[in-house]
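Colleague: Below is the file data_17.cif, with mmCIF, N, CA and C atoms; chains and numbers go by the auth columns.
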```cif
data_run
loop_
_atom_site.group_PDB
_atom_site.id
_atom_site.type_symbol
_atom_site.label_atom_id
_atom_site.label_comp_id
_atom_site.label_asym_id
_atom_site.label_seq_id
_atom_site.Cartn_x
_atom_site.Cartn_y
_atom_site.Cartn_z
_atom_site.B_iso_or_equiv
_atom_site.auth_seq_id
_atom_site.auth_asym_id
ATOM 1 N N MET A 1 -8.643 21.671 7.080 0.00 149 A
ATOM 2 C CA MET A 1 -8.232 21.099 8.355 0.00 149 A
ATOM 3 C C MET A 1 -6.838 20.504 8.210 0.00 149 A
ATOM 4 N N GLY A 2 -5.965 20.842 9.107 0.00 150 A
ATOM 5 C CA GLY A 2 -4.592 20.351 9.067 0.00 150 A
ATOM 6 C C GLY A 2 -4.486 18.915 9.549 0.00 150 A
ATOM 7 N N ARG A 3 -3.379 18.313 9.249 0.00 151 A
ATOM 8 C CA ARG A 3 -3.143 16.932 9.665 0.00 151 A
ATOM 9 C C ARG A 3 -2.032 16.889 10.708 0.00 151 A
ATOM 10 N N GLU A 4 -2.228 17.609 11.805 0.00 152 A
ATOM 11 C CA GLU A 4 -1.238 17.636 12.871 0.00 152 A
ATOM 12 C C GLU A 4 -1.070 16.275 13.541 0.00 152 A
ATOM 13 N N ASP A 5 -2.106 15.416 13.383 0.00 153 A
ATOM 14 C CA ASP A 5 -2.047 14.101 14.023 0.00 153 A
ATOM 15 C C ASP A 5 -1.060 13.165 13.321 0.00 153 A
ATOM 16 N N LEU A 6 -0.690 13.491 12.093 0.00 154 A
ATOM 17 C CA LEU A 6 0.266 12.644 11.378 0.00 154 A
ATOM 18 C C LEU A 6 1.674 12.905 11.897 0.00 154 A
ATOM 19 N N GLU A 7 2.423 11.838 12.038 0.00 155 A
ATOM 20 C CA GLU A 7 3.809 12.005 12.475 0.00 155 A
ATOM 21 C C GLU A 7 4.622 12.577 11.321 0.00 155 A
ATOM 22 N N HIS A 8 5.505 13.482 11.634 0.00 156 A
ATOM 23 C CA HIS A 8 6.323 14.104 10.597 0.00 156 A
ATOM 24 C C HIS A 8 7.517 13.249 10.219 0.00 156 A
ATOM 25 N N ASP A 9 7.837 12.269 11.040 0.00 157 A
ATOM 26 C CA ASP A 9 8.980 11.413 10.740 0.00 157 A
ATOM 27 C C ASP A 9 8.533 10.062 10.181 0.00 157 A
ATOM 28 N N PHE A 10 7.541 10.095 9.296 0.00 158 A
ATOM 29 C CA PHE A 10 7.036 8.878 8.671 0.00 158 A
ATOM 30 C C PHE A 10 8.171 8.192 7.917 0.00 158 A
ATOM 31 N N ASP A 11 8.344 6.916 8.169 0.00 159 A
ATOM 32 C CA ASP A 11 9.428 6.148 7.569 0.00 159 A
ATOM 33 C C ASP A 11 8.847 5.156 6.562 0.00 159 A
ATOM 34 N N LEU A 12 9.054 5.420 5.278 0.00 160 A
ATOM 35 C CA LEU A 12 8.490 4.570 4.234 0.00 160 A
ATOM 36 C C LEU A 12 9.063 3.152 4.294 0.00 160 A
ATOM 37 N N ALA A 13 10.342 3.012 4.583 0.00 161 A
ATOM 38 C CA ALA A 13 10.956 1.684 4.663 0.00 161 A
ATOM 39 C C ALA A 13 10.332 0.866 5.789 0.00 161 A
ATOM 40 N N GLU A 14 10.093 1.516 6.919 0.00 162 A
ATOM 41 C CA GLU A 14 9.463 0.833 8.049 0.00 162 A
ATOM 42 C C GLU A 14 8.022 0.430 7.707 0.00 162 A
ATOM 43 N N PHE A 15 7.318 1.319 7.030 0.00 163 A
ATOM 44 C CA PHE A 15 5.947 1.023 6.609 0.00 163 A
ATOM 45 C C PHE A 15 5.918 -0.170 5.658 0.00 163 A
ATOM 46 N N ASN A 16 6.819 -0.175 4.671 0.00 164 A
ATOM 47 C CA ASN A 16 6.876 -1.283 3.718 0.00 164 A
ATOM 48 C C ASN A 16 7.226 -2.594 4.416 0.00 164 A
ATOM 49 N N ALA A 17 8.115 -2.541 5.390 0.00 165 A
ATOM 50 C CA ALA A 17 8.485 -3.744 6.141 0.00 165 A
ATOM 51 C C ALA A 17 7.279 -4.274 6.910 0.00 165 A
ATOM 52 N N SER A 18 6.522 -3.373 7.531 0.00 166 A
ATOM 53 C CA SER A 18 5.350 -3.824 8.296 0.00 166 A
ATOM 54 C C SER A 18 4.281 -4.400 7.368 0.00 166 A
ATOM 55 N N CYS A 19 4.134 -3.825 6.170 0.00 167 A
ATOM 56 C CA CYS A 19 3.178 -4.373 5.190 0.00 167 A
ATOM 57 C C CYS A 19 3.602 -5.778 4.757 0.00 167 A
ATOM 58 N N ARG A 20 4.887 -5.961 4.575 0.00 168 A
ATOM 59 C CA ARG A 20 5.420 -7.264 4.173 0.00 168 A
ATOM 60 C C ARG A 20 5.148 -8.319 5.242 0.00 168 A
ATOM 61 N N VAL A 21 5.345 -7.948 6.497 0.00 169 A
ATOM 62 C CA VAL A 21 5.101 -8.881 7.603 0.00 169 A
ATOM 63 C C VAL A 21 3.603 -9.187 7.706 0.00 169 A
ATOM 64 N N MET A 22 2.754 -8.176 7.549 0.00 170 A
ATOM 65 C CA MET A 22 1.300 -8.399 7.650 0.00 170 A
ATOM 66 C C MET A 22 0.803 -9.296 6.528 0.00 170 A
ATOM 67 N N LYS A 23 1.380 -9.171 5.339 0.00 171 A
ATOM 68 C CA LYS A 23 0.988 -10.032 4.222 0.00 171 A
ATOM 69 C C LYS A 23 1.244 -11.500 4.579 0.00 171 A
ATOM 70 N N CYS A 24 2.416 -11.761 5.132 0.00 172 A
ATOM 71 C CA CYS A 24 2.756 -13.136 5.540 0.00 172 A
ATOM 72 C C CYS A 24 1.844 -13.602 6.670 0.00 172 A
ATOM 73 N N ALA A 25 1.545 -12.707 7.590 0.00 173 A
ATOM 74 C CA ALA A 25 0.681 -13.057 8.721 0.00 173 A
ATOM 75 C C ALA A 25 -0.719 -13.433 8.231 0.00 173 A
ATOM 76 N N ARG A 26 -1.240 -12.688 7.272 0.00 174 A
ATOM 77 C CA ARG A 26 -2.583 -12.998 6.743 0.00 174 A
ATOM 78 C C ARG A 26 -2.585 -14.306 5.955 0.00 174 A
ATOM 79 N N GLN A 27 -1.444 -14.662 5.375 0.00 175 A
ATOM 80 C CA GLN A 27 -1.344 -15.945 4.690 0.00 175 A
ATOM 81 C C GLN A 27 -1.352 -17.097 5.690 0.00 175 A
ATOM 82 N N LEU A 28 -0.769 -16.878 6.852 0.00 176 A
ATOM 83 C CA LEU A 28 -0.753 -17.906 7.901 0.00 176 A
ATOM 84 C C LEU A 28 -2.100 -17.993 8.624 0.00 176 A
ATOM 85 N N PHE A 29 -2.725 -16.841 8.863 0.00 177 A
ATOM 86 C CA PHE A 29 -3.951 -16.779 9.663 0.00 177 A
ATOM 87 C C PHE A 29 -5.069 -16.059 8.912 0.00 177 A
ATOM 88 N N PRO A 30 -5.552 -16.626 7.796 0.00 178 A
ATOM 89 C CA PRO A 30 -6.602 -15.947 7.028 0.00 178 A
ATOM 90 C C PRO A 30 -7.927 -15.883 7.785 0.00 178 A
ATOM 91 N N HIS A 31 -8.074 -16.741 8.776 0.00 179 A
ATOM 92 C CA HIS A 31 -9.321 -16.855 9.524 0.00 179 A
ATOM 93 C C HIS A 31 -9.385 -15.915 10.722 0.00 179 A
ATOM 94 N N SER A 32 -8.252 -15.304 11.101 0.00 180 A
ATOM 95 C CA SER A 32 -8.239 -14.499 12.316 0.00 180 A
ATOM 96 C C SER A 32 -7.312 -13.293 12.181 0.00 180 A
ATOM 97 N N GLU A 33 -7.899 -12.127 12.076 0.00 181 A
ATOM 98 C CA GLU A 33 -7.111 -10.900 11.968 0.00 181 A
ATOM 99 C C GLU A 33 -6.295 -10.662 13.236 0.00 181 A
ATOM 100 N N LYS A 34 -6.856 -11.008 14.386 0.00 182 A
ATOM 101 C CA LYS A 34 -6.156 -10.805 15.660 0.00 182 A
ATOM 102 C C LYS A 34 -4.911 -11.694 15.748 0.00 182 A
ATOM 103 N N GLN A 35 -5.052 -12.964 15.379 0.00 183 A
ATOM 104 C CA GLN A 35 -3.892 -13.864 15.394 0.00 183 A
ATOM 105 C C GLN A 35 -2.843 -13.398 14.399 0.00 183 A
ATOM 106 N N ALA A 36 -3.289 -12.933 13.240 0.00 184 A
ATOM 107 C CA ALA A 36 -2.366 -12.434 12.220 0.00 184 A
ATOM 108 C C ALA A 36 -1.602 -11.229 12.755 0.00 184 A
ATOM 109 N N GLU A 37 -2.313 -10.328 13.405 0.00 185 A
ATOM 110 C CA GLU A 37 -1.677 -9.127 13.959 0.00 185 A
ATOM 111 C C GLU A 37 -0.651 -9.491 15.034 0.00 185 A
ATOM 112 N N ASN A 38 -1.015 -10.401 15.920 0.00 186 A
ATOM 113 C CA ASN A 38 -0.102 -10.827 16.987 0.00 186 A
ATOM 114 C C ASN A 38 1.166 -11.454 16.414 0.00 186 A
ATOM 115 N N TRP A 39 0.986 -12.340 15.414 0.00 187 A
ATOM 116 C CA TRP A 39 2.147 -12.984 14.806 0.00 187 A
ATOM 117 C C TRP A 39 2.997 -11.949 14.074 0.00 187 A
ATOM 118 N N ALA A 40 2.364 -11.009 13.397 0.00 188 A
ATOM 119 C CA ALA A 40 3.095 -9.989 12.642 0.00 188 A
ATOM 120 C C ALA A 40 3.991 -9.152 13.556 0.00 188 A
ATOM 121 N N ILE A 41 3.471 -8.761 14.698 0.00 189 A
ATOM 122 C CA ILE A 41 4.262 -7.977 15.651 0.00 189 A
ATOM 123 C C ILE A 41 5.460 -8.790 16.138 0.00 189 A
ATOM 124 N N PHE A 42 5.196 -10.043 16.487 0.00 190 A
ATOM 125 C CA PHE A 42 6.252 -10.948 16.952 0.00 190 A
ATOM 126 C C PHE A 42 7.316 -11.129 15.867 0.00 190 A
ATOM 127 N N ALA A 43 6.880 -11.431 14.637 0.00 191 A
ATOM 128 C CA ALA A 43 7.810 -11.685 13.538 0.00 191 A
ATOM 129 C C ALA A 43 8.576 -10.424 13.146 0.00 191 A
ATOM 130 N N TYR A 44 7.905 -9.284 13.151 0.00 192 A
ATOM 131 C CA TYR A 44 8.549 -8.017 12.805 0.00 192 A
ATOM 132 C C TYR A 44 9.679 -7.708 13.783 0.00 192 A
ATOM 133 N N ASN A 45 9.398 -7.838 15.065 0.00 193 A
ATOM 134 C CA ASN A 45 10.423 -7.562 16.085 0.00 193 A
ATOM 135 C C ASN A 45 11.615 -8.499 15.959 0.00 193 A
ATOM 136 N N ARG A 46 11.340 -9.766 15.719 0.00 194 A
ATOM 137 C CA ARG A 46 12.442 -10.728 15.557 0.00 194 A
ATOM 138 C C ARG A 46 13.268 -10.411 14.313 0.00 194 A
ATOM 139 N N TRP A 47 12.599 -10.028 13.227 0.00 195 A
ATOM 140 C CA TRP A 47 13.282 -9.707 11.972 0.00 195 A
ATOM 141 C C TRP A 47 14.148 -8.456 12.128 0.00 195 A
ATOM 142 N N ILE A 48 13.574 -7.403 12.683 0.00 196 A
ATOM 143 C CA ILE A 48 14.271 -6.124 12.844 0.00 196 A
ATOM 144 C C ILE A 48 15.456 -6.247 13.811 0.00 196 A
ATOM 145 N N ASN A 49 15.288 -7.060 14.852 0.00 197 A
ATOM 146 C CA ASN A 49 16.353 -7.227 15.849 0.00 197 A
ATOM 147 C C ASN A 49 17.393 -8.273 15.445 0.00 197 A
ATOM 148 N N GLY A 50 17.221 -8.874 14.274 0.00 198 A
ATOM 149 C CA GLY A 50 18.191 -9.851 13.789 0.00 198 A
ATOM 150 C C GLY A 50 18.108 -11.202 14.457 0.00 198 A
ATOM 151 N N GLN A 51 16.993 -11.483 15.137 0.00 199 A
ATOM 152 C CA GLN A 51 16.827 -12.764 15.829 0.00 199 A
ATOM 153 C C GLN A 51 16.293 -13.855 14.907 0.00 199 A
ATOM 154 N N ALA A 52 15.729 -13.455 13.771 0.00 200 A
ATOM 155 C CA ALA A 52 15.160 -14.426 12.833 0.00 200 A
ATOM 156 C C ALA A 52 15.290 -13.860 11.420 0.00 200 A
ATOM 157 N N GLY A 53 14.970 -14.705 10.456 0.00 201 A
ATOM 158 C CA GLY A 53 15.077 -14.312 9.057 0.00 201 A
ATOM 159 C C GLY A 53 13.945 -13.394 8.619 0.00 201 A
ATOM 160 N N THR A 54 13.783 -13.326 7.324 0.00 202 A
ATOM 161 C CA THR A 54 12.755 -12.472 6.733 0.00 202 A
ATOM 162 C C THR A 54 11.366 -12.957 7.142 0.00 202 A
ATOM 163 N N PRO A 55 10.351 -12.135 6.941 0.00 203 A
ATOM 164 C CA PRO A 55 8.983 -12.581 7.256 0.00 203 A
ATOM 165 C C PRO A 55 8.603 -13.858 6.493 0.00 203 A
ATOM 166 N N GLU A 56 9.046 -13.936 5.240 0.00 204 A
ATOM 167 C CA GLU A 56 8.728 -15.121 4.440 0.00 204 A
ATOM 168 C C GLU A 56 9.405 -16.373 5.014 0.00 204 A
ATOM 169 N N GLU A 57 10.641 -16.227 5.461 0.00 205 A
ATOM 170 C CA GLU A 57 11.352 -17.359 6.070 0.00 205 A
ATOM 171 C C GLU A 57 10.683 -17.777 7.371 0.00 205 A
ATOM 172 N N GLN A 58 10.248 -16.809 8.160 0.00 206 A
ATOM 173 C CA GLN A 58 9.569 -17.131 9.422 0.00 206 A
ATOM 174 C C GLN A 58 8.225 -17.808 9.153 0.00 206 A
ATOM 175 N N ARG A 59 7.503 -17.310 8.140 0.00 207 A
ATOM 176 C CA ARG A 59 6.218 -17.920 7.770 0.00 207 A
ATOM 177 C C ARG A 59 6.431 -19.369 7.344 0.00 207 A
ATOM 178 N N ASN A 60 7.427 -19.599 6.489 0.00 208 A
ATOM 179 C CA ASN A 60 7.704 -20.948 5.984 0.00 208 A
ATOM 180 C C ASN A 60 8.155 -21.885 7.098 0.00 208 A
ATOM 181 N N ALA A 61 8.903 -21.352 8.059 0.00 209 A
ATOM 182 C CA ALA A 61 9.353 -22.171 9.181 0.00 209 A
ATOM 183 C C ALA A 61 8.175 -22.547 10.078 0.00 209 A
ATOM 184 N N ARG A 62 7.268 -21.614 10.264 0.00 210 A
ATOM 185 C CA ARG A 62 6.115 -21.889 11.128 0.00 210 A
ATOM 186 C C ARG A 62 5.165 -22.888 10.478 0.00 210 A
ATOM 187 N N CYS A 63 4.958 -22.740 9.177 0.00 211 A
ATOM 188 C CA CYS A 63 4.017 -23.621 8.480 0.00 211 A
ATOM 189 C C CYS A 63 4.502 -23.850 7.054 0.00 211 A
ATOM 190 N N PRO A 64 5.275 -24.915 6.834 0.00 212 A
ATOM 191 C CA PRO A 64 5.800 -25.180 5.489 0.00 212 A
ATOM 192 C C PRO A 64 4.713 -25.349 4.423 0.00 212 A
ATOM 193 N N ARG A 65 3.518 -25.772 4.815 0.00 213 A
ATOM 194 C CA ARG A 65 2.434 -26.005 3.852 0.00 213 A
ATOM 195 C C ARG A 65 1.413 -24.870 3.864 0.00 213 A
ATOM 196 N N TRP A 66 1.856 -23.644 4.173 0.00 214 A
ATOM 197 C CA TRP A 66 0.943 -22.509 4.308 0.00 214 A
ATOM 198 C C TRP A 66 0.159 -22.255 3.031 0.00 214 A
ATOM 199 N N LYS A 67 0.798 -22.412 1.881 0.00 215 A
ATOM 200 C CA LYS A 67 0.125 -22.109 0.608 0.00 215 A
ATOM 201 C C LYS A 67 -1.026 -23.087 0.371 0.00 215 A
ATOM 202 N N GLU A 68 -0.774 -24.340 0.637 0.00 216 A
ATOM 203 C CA GLU A 68 -1.805 -25.378 0.492 0.00 216 A
ATOM 204 C C GLU A 68 -2.971 -25.105 1.453 0.00 216 A
ATOM 205 N N ASN A 69 -2.644 -24.747 2.687 0.00 217 A
ATOM 206 C CA ASN A 69 -3.687 -24.450 3.673 0.00 217 A
ATOM 207 C C ASN A 69 -4.501 -23.222 3.282 0.00 217 A
ATOM 208 N N LEU A 70 -3.837 -22.209 2.740 0.00 218 A
ATOM 209 C CA LEU A 70 -4.534 -20.997 2.310 0.00 218 A
ATOM 210 C C LEU A 70 -5.486 -21.304 1.155 0.00 218 A
ATOM 211 N N GLU A 71 -5.047 -22.136 0.214 0.00 219 A
ATOM 212 C CA GLU A 71 -5.909 -22.526 -0.906 0.00 219 A
ATOM 213 C C GLU A 71 -7.145 -23.271 -0.414 0.00 219 A
ATOM 214 N N LYS A 72 -6.959 -24.179 0.544 0.00 220 A
ATOM 215 C CA LYS A 72 -8.098 -24.908 1.113 0.00 220 A
ATOM 216 C C LYS A 72 -9.060 -23.947 1.800 0.00 220 A
ATOM 217 N N PHE A 73 -8.524 -22.994 2.542 0.00 221 A
ATOM 218 C CA PHE A 73 -9.352 -22.010 3.232 0.00 221 A
ATOM 219 C C PHE A 73 -10.170 -21.193 2.228 0.00 221 A
ATOM 220 N N GLU A 74 -9.529 -20.762 1.147 0.00 222 A
ATOM 221 C CA GLU A 74 -10.224 -19.965 0.131 0.00 222 A
ATOM 222 C C GLU A 74 -11.317 -20.778 -0.557 0.00 222 A
ATOM 223 N N LYS A 75 -11.064 -22.060 -0.820 0.00 223 A
ATOM 224 C CA LYS A 75 -12.079 -22.919 -1.444 0.00 223 A
ATOM 225 C C LYS A 75 -13.288 -23.073 -0.533 0.00 223 A
ATOM 226 N N ARG A 76 -13.036 -23.296 0.762 0.00 224 A
ATOM 227 C CA ARG A 76 -14.133 -23.426 1.722 0.00 224 A
ATOM 228 C C ARG A 76 -14.929 -22.133 1.806 0.00 224 A
ATOM 229 N N ARG A 77 -14.234 -21.038 1.762 0.00 225 A
ATOM 230 C CA ARG A 77 -14.873 -19.733 1.854 0.00 225 A
ATOM 231 C C ARG A 77 -15.782 -19.491 0.644 0.00 225 A
ATOM 232 N N GLN A 78 -15.352 -19.942 -0.539 0.00 226 A
ATOM 233 C CA GLN A 78 -16.143 -19.758 -1.755 0.00 226 A
ATOM 234 C C GLN A 78 -17.413 -20.600 -1.749 0.00 226 A
ATOM 235 N N LYS A 79 -17.366 -21.759 -1.105 0.00 227 A
ATOM 236 C CA LYS A 79 -18.525 -22.643 -1.085 0.00 227 A
ATOM 237 C C LYS A 79 -19.674 -22.070 -0.264 0.00 227 A
ATOM 238 N N THR A 80 -19.348 -21.228 0.679 0.00 228 A
ATOM 239 C CA THR A 80 -20.366 -20.658 1.544 0.00 228 A
ATOM 240 C C THR A 80 -21.095 -19.548 0.812 0.00 228 A
ATOM 241 N N LYS A 81 -22.386 -19.787 0.547 0.00 229 A
ATOM 242 C CA LYS A 81 -23.196 -18.779 -0.129 0.00 229 A
ATOM 243 C C LYS A 81 -24.419 -18.522 0.725 0.00 229 A
ATOM 244 N N VAL A 82 -24.643 -17.278 0.994 0.00 230 A
ATOM 245 C CA VAL A 82 -25.797 -16.902 1.788 0.00 230 A
ATOM 246 C C VAL A 82 -26.932 -16.557 0.840 0.00 230 A
ATOM 247 N N ILE A 83 -28.056 -17.195 1.062 0.00 231 A
ATOM 248 C CA ILE A 83 -29.220 -16.952 0.218 0.00 231 A
ATOM 249 C C ILE A 83 -30.269 -16.229 1.049 0.00 231 A
ATOM 250 N N TYR A 84 -30.679 -15.073 0.559 0.00 232 A
ATOM 251 C CA TYR A 84 -31.681 -14.287 1.253 0.00 232 A
ATOM 252 C C TYR A 84 -33.034 -14.481 0.590 0.00 232 A
ATOM 253 N N TYR A 85 -34.064 -14.629 1.396 0.00 233 A
ATOM 254 C CA TYR A 85 -35.424 -14.764 0.867 0.00 233 A
ATOM 255 C C TYR A 85 -36.244 -13.585 1.276 0.00 233 A
#
```
In structure tokens, how does this file's structure come out?

Modeller:
Amino acid sequence: MGREDLEHDFDLAEFNASCRVMKCARQLFPHSEKQAENWAIFAYNRWINGQAGTPEEQRNARCPRWKENLEKFEKRRQKTKVIYY
């Protein structure tokens, strides 16, 4: 079966840029994929259009303590254990 559905003008640089933005978005919004996606689109457009800095700079500007918050989120997530009987 052919892959006609794939675009022939796939841009690796654009793909890598979008992955970079999504990584930052998931660090800001680990609890909500939808919020992460919305922020990523917003940040990507601003970055590409020269309206704002890199995704990392935008993430840091939005939440300077993002790393601390992410660590707290991960700790809370680890404490939750589901026990099946």

Colleague: Tell me which residues the PyMOL selection byres ((chain A and resi 198-214) around 8) grabs here, as a compact mmCIF listing (two decimals) with N, CA and C atoms, keeping the file's coordinate frame.

Modeller:
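expr_24.txt was written with the following content:
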```
# COMPACT_ATOMS: atom_id res chain seq x y z
N ARG A 168 4.89 -5.96 4.58
CA ARG A 168 5.42 -7.26 4.17
C ARG A 168 5.15 -8.32 5.24
N VAL A 169 5.34 -7.95 6.50
CA VAL A 169 5.10 -8.88 7.60
C VAL A 169 3.60 -9.19 7.71
N MET A 170 2.75 -8.18 7.55
CA MET A 170 1.30 -8.40 7.65
C MET A 170 0.80 -9.30 6.53
N LYS A 171 1.38 -9.17 5.34
CA LYS A 171 0.99 -10.03 4.22
C LYS A 171 1.24 -11.50 4.58
N CYS A 172 2.42 -11.76 5.13
CA CYS A 172 2.76 -13.14 5.54
C CYS A 172 1.84 -13.60 6.67
N ALA A 173 1.54 -12.71 7.59
CA ALA A 173 0.68 -13.06 8.72
C ALA A 173 -0.72 -13.43 8.23
N GLN A 175 -1.44 -14.66 5.38
CA GLN A 175 -1.34 -15.94 4.69
C GLN A 175 -1.35 -17.10 5.69
N LEU A 176 -0.77 -16.88 6.85
CA LEU A 176 -0.75 -17.91 7.90
C LEU A 176 -2.10 -17.99 8.62
N ALA A 191 6.88 -11.43 14.64
CA ALA A 191 7.81 -11.68 13.54
C ALA A 191 8.58 -10.42 13.15
N TYR A 192 7.90 -9.28 13.15
CA TYR A 192 8.55 -8.02 12.80
C TYR A 192 9.68 -7.71 13.78
N ASN A 193 9.40 -7.84 15.06
CA ASN A 193 10.42 -7.56 16.08
C ASN A 193 11.62 -8.50 15.96
N ARG A 194 11.34 -9.77 15.72
CA ARG A 194 12.44 -10.73 15.56
C ARG A 194 13.27 -10.41 14.31
N TRP A 195 12.60 -10.03 13.23
CA TRP A 195 13.28 -9.71 11.97
C TRP A 195 14.15 -8.46 12.13
N ILE A 196 13.57 -7.40 12.68
CA ILE A 196 14.27 -6.12 12.84
C ILE A 196 15.46 -6.25 13.81
N ASN A 197 15.29 -7.06 14.85
CA ASN A 197 16.35 -7.23 15.85
C ASN A 197 17.39 -8.27 15.44
N LYS A 215 0.80 -22.41 1.88
CA LYS A 215 0.12 -22.11 0.61
C LYS A 215 -1.03 -23.09 0.37
N GLU A 216 -0.77 -24.34 0.64
CA GLU A 216 -1.80 -25.38 0.49
C GLU A 216 -2.97 -25.10 1.45
N ASN A 217 -2.64 -24.75 2.69
CA ASN A 217 -3.69 -24.45 3.67
C ASN A 217 -4.50 -23.22 3.28
N LEU A 218 -3.84 -22.21 2.74
CA LEU A 218 -4.53 -21.00 2.31
C LEU A 218 -5.49 -21.30 1.16
N GLU A 219 -5.05 -22.14 0.21
CA GLU A 219 -5.91 -22.53 -0.91
C GLU A 219 -7.14 -23.27 -0.41
N LYS A 220 -6.96 -24.18 0.54
CA LYS A 220 -8.10 -24.91 1.11
C LYS A 220 -9.06 -23.95 1.80
```

Colleague: May I have the centre and edge lengths, in Å to one decimal, of an axis-aligned box around the listed atoms of segment 180-188 of chain A with 3 Å added to every side, as JSON?

Modeller:
```
{"center_x": -2.1, "center_y": -12.2, "center_z": 14.0, "size_x": 18.2, "size_y": 12.2, "size_z": 11.9}
```

Colleague: Can you work out the spacing between atom CA of Pro178 of chain A and atom CA of Ala165 of chain A in Å, to one decimal?

Modeller: 19.4 Å

Colleague: Atom CA of Asn186 of chain A and atom C of Asn164 of chain A, how far apart in Å?

Modeller: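 Computing the Euclidean distance for atom C of Asn164 of chain A and atom CA of Asn186 of chain A yields 16.7 Å.
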
Colleague: For the atom pair atom CA of Asp159 of chain A and atom C of Trp187 of chain A, what is the interatomic distance in Å to one decimal place?

Modeller: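 Separating atom CA of Asp159 of chain A from atom C of Trp187 of chain A is a distance of 20.3 Å.
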